[in-house]
Amino acid sequence: MLFSSLVFLFTFLPITLLVYYLVPRKVKNVVLLIASLIFYAWGEPVYIFLMLISILFNYFCGMDIALKAGRKSQVRSLIFTIVVNLFILGFFKYYGFIVTNLNAILPFYIPYRKLELPIGISFYTFQTLSYIIDVYRGNVDVQVNLIDFGTYVTMFPQLIAGPIVQYADVERQLRERKESLTKFGYGAWFFVMGLAKKVLLANTIGSIYENIAAMDGMSVVTAWLGCLAYTFQIYFDFSGYSDMAVGLGKMFGFEFMQNFNYPYISKSVTEFWRRWHISLGSWFREYVYIPLGGNRVTVPRHLLNLLIVWFLTGLWHGASWNFVVWGLFYGVILITEKYFTGKILAKLPGAVQTLYTMILVMLGWVLFFSPTLGSALTWIGNMFGQGATGFMDSQALYLIMRNWLFWVAGIIGSTPFMHLLGKRLVFNEERPHTVLAGCLMAGLFVLCVAYLVTESYNPFLYFRF
């Protein structure tokens, strides 16, 4: 079930909110847990059992690790729990990838059946791992209430696409949180703005990318336009979904971390990754990079640590060599900026820094959206004239003129301009215009619903992760 589906907007969410606010405080988490399981089972009726097994397994393992605090056996319990979680993730996500690569090098063929990837397994596995590791470290108390733990793992606002919520961030909120009309209003605003990003911008610009990707041949300009369309699509798609998750969290009394901070205005790739998918970066820093030694090691070891983190980041996104190369691509760039080009880059004009960053990010997105590494290299070759049908043709001109409004909207929407304008005119702290805010939300919501009623193109890119 998508947040941007009519079933969710007009059936699931209203009923869940109504029941949630009618029941006593002590059973609100029960309502959230049941609603979240229904939400997940709607699209994954079989894999709901896998999720329930994961909840029970990590709940009892967390208890076991807490009981063994200070003993050598605690480390064995931790390792066992991590290995089982990663095995389940690896089996469903990487089994086909591993067998396919073995079949390419072995003198015999290993038959296998392709498995459907359980939606959101990468996200909820990382969440349970954060809980287990923090219990071992003593950073959080073990959760003895199975309902509260199940609510944390399955919470539908961020279950299938993040942000990745570390247990430490919501430990207290699971027990005690306050709902209010003001928080609900801000949550509704976040949700509607995210819905507009997803439906009005990501879906529309995404259809432009789909049309370009389906072409047999393309000019240099067309190749760049296709890459630009995907660059806008994935940002508005994922950040819009994250905004909806943050908004839903507020509506139920939770505070989730911000997952995007206008990454396309970054002046370096290093800054870009501080602004893009913040929760994932925080997770890898906390549970992989720092345990490896971070930057408090020798230079060769630091380089290795960065490459390990970015190899895993790429692999987390998908079972394909282009994702691995995508991760290492960023690892090499970040190492280069850290040790060689960072100081030089900082002396350049801001516009040049942003242009440099966006060119590298767009090249990275080609590796990301291409089905294979070979097709990615072909697309990049077209962007630089290799194999292209020419520099500029009538098709490219048509794409520019026909969709100029969406190109402009994509550029403006990628900056803080609209947020600052809204803060000044609508959410002015001295004179908040609640009526105007309500009218704007209602107008955007009606536009989104009109799109969903009339259009069938409504994908979500991060479902495959």
# chains A, B, ... in the order shown; residues from 1 in each chain; ligands from 1

$ residues_around --residues "region 371-373 of chain A" --least-positions-apart "3" --cutoff "9 Å" --atoms "only C-alpha atoms" --output "ChimeraX atom specification"
/A:320-323,325,367-368,376-378

$ select_by_dssp --residues "region 227-296 of chain A" --states "helix (DSSP H, G or I)" --output "PyMOL selection string"
chain A and resi 227-251+263-265+269-275+278-289

$ residues_around --residues "Arg177 (chain A)" --least-positions-apart "4" --cutoff "9 Å" --atoms "only C-alpha atoms" --output "list in words"
Arg172, Gln173, Phe252, Gly253 and Phe254 of chain A

$ write_last_selection --atoms "N, CA and C atoms" --output "PDB file, in the first residue's frame"
ATOM      1  N   ARG A 172      11.934   6.483  24.312  1.00  0.00           N
ATOM      2  CA  ARG A 172      11.026   7.160  25.242  1.00  0.00           C
ATOM      3  C   ARG A 172       9.671   7.425  24.604  1.00  0.00           C
ATOM      4  N   GLN A 173       9.675   7.741  23.307  1.00  0.00           N
ATOM      5  CA  GLN A 173       8.418   8.053  22.627  1.00  0.00           C
ATOM      6  C   GLN A 173       7.475   6.851  22.581  1.00  0.00           C
ATOM      7  N   PHE A 252       0.759  10.976  14.797  1.00  0.00           N
ATOM      8  CA  PHE A 252       0.594   9.954  15.828  1.00  0.00           C
ATOM      9  C   PHE A 252       1.437  10.254  17.071  1.00  0.00           C
ATOM     10  N   GLY A 253       2.014  11.462  17.124  1.00  0.00           N
ATOM     11  CA  GLY A 253       2.737  11.894  18.317  1.00  0.00           C
ATOM     12  C   GLY A 253       4.223  11.636  18.314  1.00  0.00           C
ATOM     13  N   PHE A 254       4.786  11.080  17.227  1.00  0.00           N
ATOM     14  CA  PHE A 254       6.216  10.763  17.159  1.00  0.00           C
ATOM     15  C   PHE A 254       6.993  11.882  16.457  1.00  0.00           C
TER      16      PHE A 254
END

$ atom_distance --atom1 "CA of Phe123 (chain A)" --atom2 "CA of Val142 (chain A)"
20.6 Å

$ residues_around --residues "Gly96 (chain A)" --least-positions-apart "4" --cutoff "12 Å" --atoms "only C-alpha atoms" --output "short mmCIF file (atom, residue, chain, number, x, y, z; two decimals) with C-alpha atoms, in the first residue's frame"
data_model
loop_
_atom_site.label_atom_id
_atom_site.label_comp_id
_atom_site.auth_asym_id
_atom_site.auth_seq_id
_atom_site.Cartn_x
_atom_site.Cartn_y
_atom_site.Cartn_z
CA GLY A 90 21.18 -11.71 2.45
CA PHE A 91 19.14 -14.76 1.52
CA PHE A 92 16.15 -12.82 0.23
CA THR A 100 23.89 -15.84 -11.01
CA ASN A 101 27.54 -14.82 -10.60
CA LEU A 102 28.55 -18.36 -9.63
CA ASN A 103 26.81 -19.71 -12.74
CA ILE A 110 23.15 -24.14 -10.33
CA PRO A 111 19.37 -24.00 -10.76
CA TYR A 112 17.55 -21.50 -8.55
CA ARG A 113 14.18 -19.89 -8.16
CA LYS A 114 14.04 -16.11 -8.13
CA LEU A 115 12.64 -14.83 -4.85
CA GLU A 116 10.49 -11.75 -4.53
CA LEU A 117 12.18 -9.20 -2.28
CA GLY A 318 20.63 -3.54 -4.54
CA ALA A 319 21.97 -6.91 -5.60
CA SER A 320 23.70 -5.80 -8.78
#

$ residues_around --residues "Met51 (chain A)" --least-positions-apart "4" --cutoff "12 Å" --atoms "only C-alpha atoms" --output "PyMOL selection string"
chain A and resi 36-37+40-41+44-47+55-58+85+88-89+118-125+128+150-151+153-155+159-160

$ residues_around --residues "Phe8 (chain A)" --least-positions-apart "6" --cutoff "12 Å" --atoms "only C-alpha atoms" --output "VMD selection string"
chain A and resid 1 to 2 14 to 17 35 38 to 40 42 156 to 157 195 449 452

$ write_last_selection --atoms "N, CA and C atoms" --output "PDB file, in the first residue's frame"
ATOM      1  N   MET A   1       0.849  -1.190   0.000  1.00  0.00           N
ATOM      2  CA  MET A   1       0.000   0.000   0.000  1.00  0.00           C
ATOM      3  C   MET A   1       0.889   1.245   0.000  1.00  0.00           C
ATOM      4  N   LEU A   2       0.681   2.102  -0.954  1.00  0.00           N
ATOM      5  CA  LEU A   2       1.441   3.339  -1.053  1.00  0.00           C
ATOM      6  C   LEU A   2       0.762   4.452  -0.273  1.00  0.00           C
ATOM      7  N   PRO A  14      -7.650   7.416   7.468  1.00  0.00           N
ATOM      8  CA  PRO A  14      -8.728   7.969   8.307  1.00  0.00           C
ATOM      9  C   PRO A  14      -9.211   7.001   9.384  1.00  0.00           C
ATOM     10  N   ILE A  15      -9.362   5.727   9.036  1.00  0.00           N
ATOM     11  CA  ILE A  15      -9.832   4.744  10.025  1.00  0.00           C
ATOM     12  C   ILE A  15      -8.803   4.570  11.137  1.00  0.00           C
ATOM     13  N   THR A  16      -7.522   4.473  10.752  1.00  0.00           N
ATOM     14  CA  THR A  16      -6.463   4.299  11.754  1.00  0.00           C
ATOM     15  C   THR A  16      -6.395   5.493  12.697  1.00  0.00           C
ATOM     16  N   LEU A  17      -6.451   6.702  12.152  1.00  0.00           N
ATOM     17  CA  LEU A  17      -6.412   7.906  12.988  1.00  0.00           C
ATOM     18  C   LEU A  17      -7.617   7.965  13.928  1.00  0.00           C
ATOM     19  N   ALA A  35      -2.495  -1.891  12.982  1.00  0.00           N
ATOM     20  CA  ALA A  35      -2.603  -1.127  11.729  1.00  0.00           C
ATOM     21  C   ALA A  35      -1.371  -1.334  10.854  1.00  0.00           C
ATOM     22  N   ILE A  38      -1.456  -4.776   9.221  1.00  0.00           N
ATOM     23  CA  ILE A  38      -2.424  -4.759   8.113  1.00  0.00           C
ATOM     24  C   ILE A  38      -1.836  -4.030   6.911  1.00  0.00           C
ATOM     25  N   PHE A  39      -1.188  -2.893   7.187  1.00  0.00           N
ATOM     26  CA  PHE A  39      -0.562  -2.090   6.131  1.00  0.00           C
ATOM     27  C   PHE A  39       0.456  -2.922   5.355  1.00  0.00           C
ATOM     28  N   TYR A  40       1.291  -3.672   6.088  1.00  0.00           N
ATOM     29  CA  TYR A  40       2.321  -4.480   5.434  1.00  0.00           C
ATOM     30  C   TYR A  40       1.713  -5.675   4.717  1.00  0.00           C
ATOM     31  N   TRP A  42      -1.076  -5.924   3.383  1.00  0.00           N
ATOM     32  CA  TRP A  42      -1.828  -5.502   2.206  1.00  0.00           C
ATOM     33  C   TRP A  42      -1.026  -5.766   0.932  1.00  0.00           C
ATOM     34  N   PHE A 156       4.093   1.722  10.559  1.00  0.00           N
ATOM     35  CA  PHE A 156       3.828   1.883   9.131  1.00  0.00           C
ATOM     36  C   PHE A 156       4.272   3.216   8.540  1.00  0.00           C
ATOM     37  N   PRO A 157       4.308   4.337   9.300  1.00  0.00           N
ATOM     38  CA  PRO A 157       4.749   5.573   8.661  1.00  0.00           C
ATOM     39  C   PRO A 157       6.136   5.493   8.050  1.00  0.00           C
ATOM     40  N   LEU A 195       3.298  14.589  -0.213  1.00  0.00           N
ATOM     41  CA  LEU A 195       2.411  14.001  -1.228  1.00  0.00           C
ATOM     42  C   LEU A 195       2.497  14.779  -2.536  1.00  0.00           C
ATOM     43  N   VAL A 449      -5.073  14.403  -5.484  1.00  0.00           N
ATOM     44  CA  VAL A 449      -6.133  13.407  -5.668  1.00  0.00           C
ATOM     45  C   VAL A 449      -6.591  13.394  -7.122  1.00  0.00           C
ATOM     46  N   LEU A 452      -4.123  11.409  -9.039  1.00  0.00           N
ATOM     47  CA  LEU A 452      -4.215   9.978  -8.756  1.00  0.00           C
ATOM     48  C   LEU A 452      -5.441   9.345  -9.400  1.00  0.00           C
TER      49      LEU A 452
END

$ closest_residue --among "A:Lys178, A:His277, A:Lys26, A:Lys72" --to "His317 (chain A)" --atoms "only C-alpha atoms"
A:His277

$ atom_distance --atom1 "CA of Tyr264 (chain A)" --atom2 "CA of Gln233 (chain A)"
12.6 Å

$ closest_residue --among "A:Trp365, A:Leu315, A:Gly293, A:Phe49" --to "Trp379 (chain A)" --atoms "only C-alpha atoms"
A:Trp365

$ atom_distance --atom1 "CA of Tyr131 (chain A)" --atom2 "CA of Leu50 (chain A)"
18.2 Å

$ residues_around --residues "Ala188 (chain A)" --least-positions-apart "4" --cutoff "10 Å" --atoms "only C-alpha atoms" --output "list in words"
Thr182, Lys183, Phe184, Val192, Met193, Gly194, Met244, Val246, Gly247, Leu248, Gly249, Lys250, Met251, Gly438 and Met441 of chain A

$ write_last_selection --atoms "C-alpha atoms" --output "PDB file, in the first residue's frame"
ATOM      1  CA  THR A 182      -0.661  21.842  16.729  1.00  0.00           C
ATOM      2  CA  LYS A 183       1.582  18.817  16.150  1.00  0.00           C
ATOM      3  CA  PHE A 184      -1.174  17.149  14.126  1.00  0.00           C
ATOM      4  CA  VAL A 192       0.552  17.064   2.086  1.00  0.00           C
ATOM      5  CA  MET A 193       3.787  18.734   0.981  1.00  0.00           C
ATOM      6  CA  GLY A 194       5.428  15.317   0.672  1.00  0.00           C
ATOM      7  CA  MET A 244       5.049  12.016   4.419  1.00  0.00           C
ATOM      8  CA  VAL A 246       7.717  12.494   9.184  1.00  0.00           C
ATOM      9  CA  GLY A 247       4.260  14.051   8.870  1.00  0.00           C
ATOM     10  CA  LEU A 248       2.482  10.802   9.733  1.00  0.00           C
ATOM     11  CA  GLY A 249       4.798  10.380  12.703  1.00  0.00           C
ATOM     12  CA  LYS A 250       3.791  13.804  14.031  1.00  0.00           C
ATOM     13  CA  MET A 251       0.110  12.965  13.529  1.00  0.00           C
ATOM     14  CA  GLY A 438      -5.309  25.310   5.515  1.00  0.00           C
ATOM     15  CA  MET A 441      -3.029  22.252   2.058  1.00  0.00           C
TER      16      MET A 441
END

$ decode --residues "region 302-352 of chain A" --atoms "N, CA and C atoms" --output "mmCIF file, in the first residue's frame"
data_model
loop_
_atom_site.group_PDB
_atom_site.id
_atom_site.type_symbol
_atom_site.label_atom_id
_atom_site.label_comp_id
_atom_site.auth_asym_id
_atom_site.auth_seq_id
_atom_site.Cartn_x
_atom_site.Cartn_y
_atom_site.Cartn_z
ATOM 1 N N HIS A 302 42.229 4.208 7.166
ATOM 2 C CA HIS A 302 41.083 5.102 6.969
ATOM 3 C C HIS A 302 40.519 4.958 5.556
ATOM 4 N N LEU A 303 41.404 4.863 4.576
ATOM 5 C CA LEU A 303 40.963 4.664 3.189
ATOM 6 C C LEU A 303 40.184 3.361 3.069
ATOM 7 N N LEU A 304 40.700 2.312 3.714
ATOM 8 C CA LEU A 304 40.016 1.017 3.682
ATOM 9 C C LEU A 304 38.649 1.113 4.354
ATOM 10 N N ASN A 305 38.577 1.810 5.491
ATOM 11 C CA ASN A 305 37.303 1.965 6.196
ATOM 12 C C ASN A 305 36.264 2.642 5.311
ATOM 13 N N LEU A 306 36.676 3.700 4.617
ATOM 14 C CA LEU A 306 35.755 4.417 3.732
ATOM 15 C C LEU A 306 35.286 3.524 2.593
ATOM 16 N N LEU A 307 36.201 2.770 2.009
ATOM 17 C CA LEU A 307 35.829 1.896 0.898
ATOM 18 C C LEU A 307 34.896 0.779 1.362
ATOM 19 N N ILE A 308 35.120 0.238 2.560
ATOM 20 C CA ILE A 308 34.234 -0.793 3.097
ATOM 21 C C ILE A 308 32.829 -0.232 3.280
ATOM 22 N N VAL A 309 32.735 0.953 3.888
ATOM 23 C CA VAL A 309 31.427 1.576 4.139
ATOM 24 C C VAL A 309 30.694 1.826 2.833
ATOM 25 N N TRP A 310 31.394 2.322 1.827
ATOM 26 C CA TRP A 310 30.710 2.666 0.569
ATOM 27 C C TRP A 310 30.434 1.439 -0.289
ATOM 28 N N PHE A 311 31.255 0.408 -0.154
ATOM 29 C CA PHE A 311 30.925 -0.862 -0.789
ATOM 30 C C PHE A 311 29.621 -1.411 -0.206
ATOM 31 N N LEU A 312 29.495 -1.391 1.118
ATOM 32 C CA LEU A 312 28.284 -1.876 1.777
ATOM 33 C C LEU A 312 27.085 -0.981 1.482
ATOM 34 N N THR A 313 27.325 0.325 1.380
ATOM 35 C CA THR A 313 26.234 1.243 1.037
ATOM 36 C C THR A 313 25.673 0.922 -0.341
ATOM 37 N N GLY A 314 26.568 0.687 -1.294
ATOM 38 C CA GLY A 314 26.117 0.312 -2.625
ATOM 39 C C GLY A 314 25.387 -1.008 -2.627
ATOM 40 N N LEU A 315 25.942 -1.993 -1.916
ATOM 41 C CA LEU A 315 25.329 -3.317 -1.869
ATOM 42 C C LEU A 315 23.981 -3.276 -1.163
ATOM 43 N N TRP A 316 23.838 -2.426 -0.147
ATOM 44 C CA TRP A 316 22.559 -2.283 0.560
ATOM 45 C C TRP A 316 21.451 -1.858 -0.404
ATOM 46 N N HIS A 317 21.800 -1.028 -1.375
ATOM 47 C CA HIS A 317 20.795 -0.511 -2.296
ATOM 48 C C HIS A 317 20.325 -1.541 -3.312
ATOM 49 N N GLY A 318 21.101 -2.559 -3.581
ATOM 50 C CA GLY A 318 20.628 -3.542 -4.541
ATOM 51 C C GLY A 318 21.638 -4.621 -4.862
ATOM 52 N N ALA A 319 21.128 -5.768 -5.264
ATOM 53 C CA ALA A 319 21.972 -6.912 -5.601
ATOM 54 C C ALA A 319 22.348 -6.849 -7.076
ATOM 55 N N SER A 320 23.259 -5.973 -7.388
ATOM 56 C CA SER A 320 23.701 -5.801 -8.781
ATOM 57 C C SER A 320 25.063 -5.109 -8.762
ATOM 58 N N TRP A 321 25.894 -5.432 -9.753
ATOM 59 C CA TRP A 321 27.232 -4.846 -9.779
ATOM 60 C C TRP A 321 27.200 -3.336 -9.998
ATOM 61 N N ASN A 322 26.163 -2.824 -10.673
ATOM 62 C CA ASN A 322 26.125 -1.376 -10.877
ATOM 63 C C ASN A 322 25.921 -0.641 -9.551
ATOM 64 N N PHE A 323 25.214 -1.276 -8.583
ATOM 65 C CA PHE A 323 25.069 -0.654 -7.269
ATOM 66 C C PHE A 323 26.393 -0.699 -6.502
ATOM 67 N N VAL A 324 27.124 -1.793 -6.645
ATOM 68 C CA VAL A 324 28.436 -1.885 -6.000
ATOM 69 C C VAL A 324 29.367 -0.816 -6.556
ATOM 70 N N VAL A 325 29.387 -0.681 -7.885
ATOM 71 C CA VAL A 325 30.231 0.336 -8.519
ATOM 72 C C VAL A 325 29.772 1.731 -8.107
ATOM 73 N N TRP A 326 28.448 1.924 -8.014
ATOM 74 C CA TRP A 326 27.897 3.214 -7.565
ATOM 75 C C TRP A 326 28.418 3.570 -6.173
ATOM 76 N N GLY A 327 28.410 2.603 -5.263
ATOM 77 C CA GLY A 327 28.910 2.868 -3.921
ATOM 78 C C GLY A 327 30.397 3.177 -3.913
ATOM 79 N N LEU A 328 31.189 2.375 -4.637
ATOM 80 C CA LEU A 328 32.633 2.609 -4.688
ATOM 81 C C LEU A 328 32.967 3.903 -5.418
ATOM 82 N N PHE A 329 32.137 4.274 -6.395
ATOM 83 C CA PHE A 329 32.285 5.544 -7.103
ATOM 84 C C PHE A 329 32.283 6.695 -6.099
ATOM 85 N N TYR A 330 31.326 6.660 -5.176
ATOM 86 C CA TYR A 330 31.271 7.711 -4.166
ATOM 87 C C TYR A 330 32.397 7.579 -3.152
ATOM 88 N N GLY A 331 32.773 6.355 -2.821
ATOM 89 C CA GLY A 331 33.875 6.170 -1.899
ATOM 90 C C GLY A 331 35.151 6.800 -2.411
ATOM 91 N N VAL A 332 35.447 6.594 -3.687
ATOM 92 C CA VAL A 332 36.656 7.166 -4.299
ATOM 93 C C VAL A 332 36.574 8.689 -4.329
ATOM 94 N N ILE A 333 35.408 9.226 -4.681
ATOM 95 C CA ILE A 333 35.251 10.685 -4.728
ATOM 96 C C ILE A 333 35.436 11.297 -3.343
ATOM 97 N N LEU A 334 34.848 10.690 -2.320
ATOM 98 C CA LEU A 334 34.966 11.222 -0.962
ATOM 99 C C LEU A 334 36.403 11.155 -0.461
ATOM 100 N N ILE A 335 37.109 10.080 -0.804
ATOM 101 C CA ILE A 335 38.526 9.985 -0.449
ATOM 102 C C ILE A 335 39.314 11.084 -1.148
ATOM 103 N N THR A 336 39.009 11.302 -2.418
ATOM 104 C CA THR A 336 39.710 12.337 -3.197
ATOM 105 C C THR A 336 39.470 13.718 -2.600
ATOM 106 N N GLU A 337 38.221 13.999 -2.246
ATOM 107 C CA GLU A 337 37.916 15.302 -1.649
ATOM 108 C C GLU A 337 38.584 15.463 -0.281
ATOM 109 N N LYS A 338 38.643 14.366 0.475
ATOM 110 C CA LYS A 338 39.234 14.424 1.813
ATOM 111 C C LYS A 338 40.724 14.691 1.768
ATOM 112 N N TYR A 339 41.428 14.043 0.860
ATOM 113 C CA TYR A 339 42.892 14.078 0.896
ATOM 114 C C TYR A 339 43.535 14.907 -0.209
ATOM 115 N N PHE A 340 42.791 15.248 -1.262
ATOM 116 C CA PHE A 340 43.440 15.920 -2.393
ATOM 117 C C PHE A 340 42.731 17.202 -2.840
ATOM 118 N N THR A 341 41.471 17.100 -3.234
ATOM 119 C CA THR A 341 40.825 18.228 -3.925
ATOM 120 C C THR A 341 39.960 19.110 -3.038
ATOM 121 N N GLY A 342 39.749 18.718 -1.788
ATOM 122 C CA GLY A 342 38.826 19.457 -0.927
ATOM 123 C C GLY A 342 39.191 20.918 -0.752
ATOM 124 N N LYS A 343 40.459 21.204 -0.460
ATOM 125 C CA LYS A 343 40.880 22.590 -0.227
ATOM 126 C C LYS A 343 40.826 23.415 -1.506
ATOM 127 N N ILE A 344 41.169 22.774 -2.625
ATOM 128 C CA ILE A 344 41.099 23.482 -3.912
ATOM 129 C C ILE A 344 39.654 23.802 -4.246
ATOM 130 N N LEU A 345 38.783 22.854 -4.054
ATOM 131 C CA LEU A 345 37.362 23.034 -4.346
ATOM 132 C C LEU A 345 36.760 24.155 -3.520
ATOM 133 N N ALA A 346 37.162 24.255 -2.262
ATOM 134 C CA ALA A 346 36.610 25.272 -1.363
ATOM 135 C C ALA A 346 36.943 26.690 -1.801
ATOM 136 N N LYS A 347 37.997 26.858 -2.615
ATOM 137 C CA LYS A 347 38.402 28.190 -3.069
ATOM 138 C C LYS A 347 37.655 28.643 -4.320
ATOM 139 N N LEU A 348 36.922 27.720 -4.965
ATOM 140 C CA LEU A 348 36.208 28.056 -6.192
ATOM 141 C C LEU A 348 34.904 28.783 -5.872
ATOM 142 N N PRO A 349 34.343 29.528 -6.832
ATOM 143 C CA PRO A 349 33.042 30.171 -6.615
ATOM 144 C C PRO A 349 31.978 29.133 -6.263
ATOM 145 N N GLY A 350 31.009 29.535 -5.467
ATOM 146 C CA GLY A 350 29.975 28.619 -5.000
ATOM 147 C C GLY A 350 29.229 27.943 -6.132
ATOM 148 N N ALA A 351 28.933 28.700 -7.203
ATOM 149 C CA ALA A 351 28.194 28.137 -8.332
ATOM 150 C C ALA A 351 29.001 27.027 -9.011
ATOM 151 N N VAL A 352 30.313 27.215 -9.084
ATOM 152 C CA VAL A 352 31.175 26.210 -9.701
ATOM 153 C C VAL A 352 31.218 24.950 -8.825
#
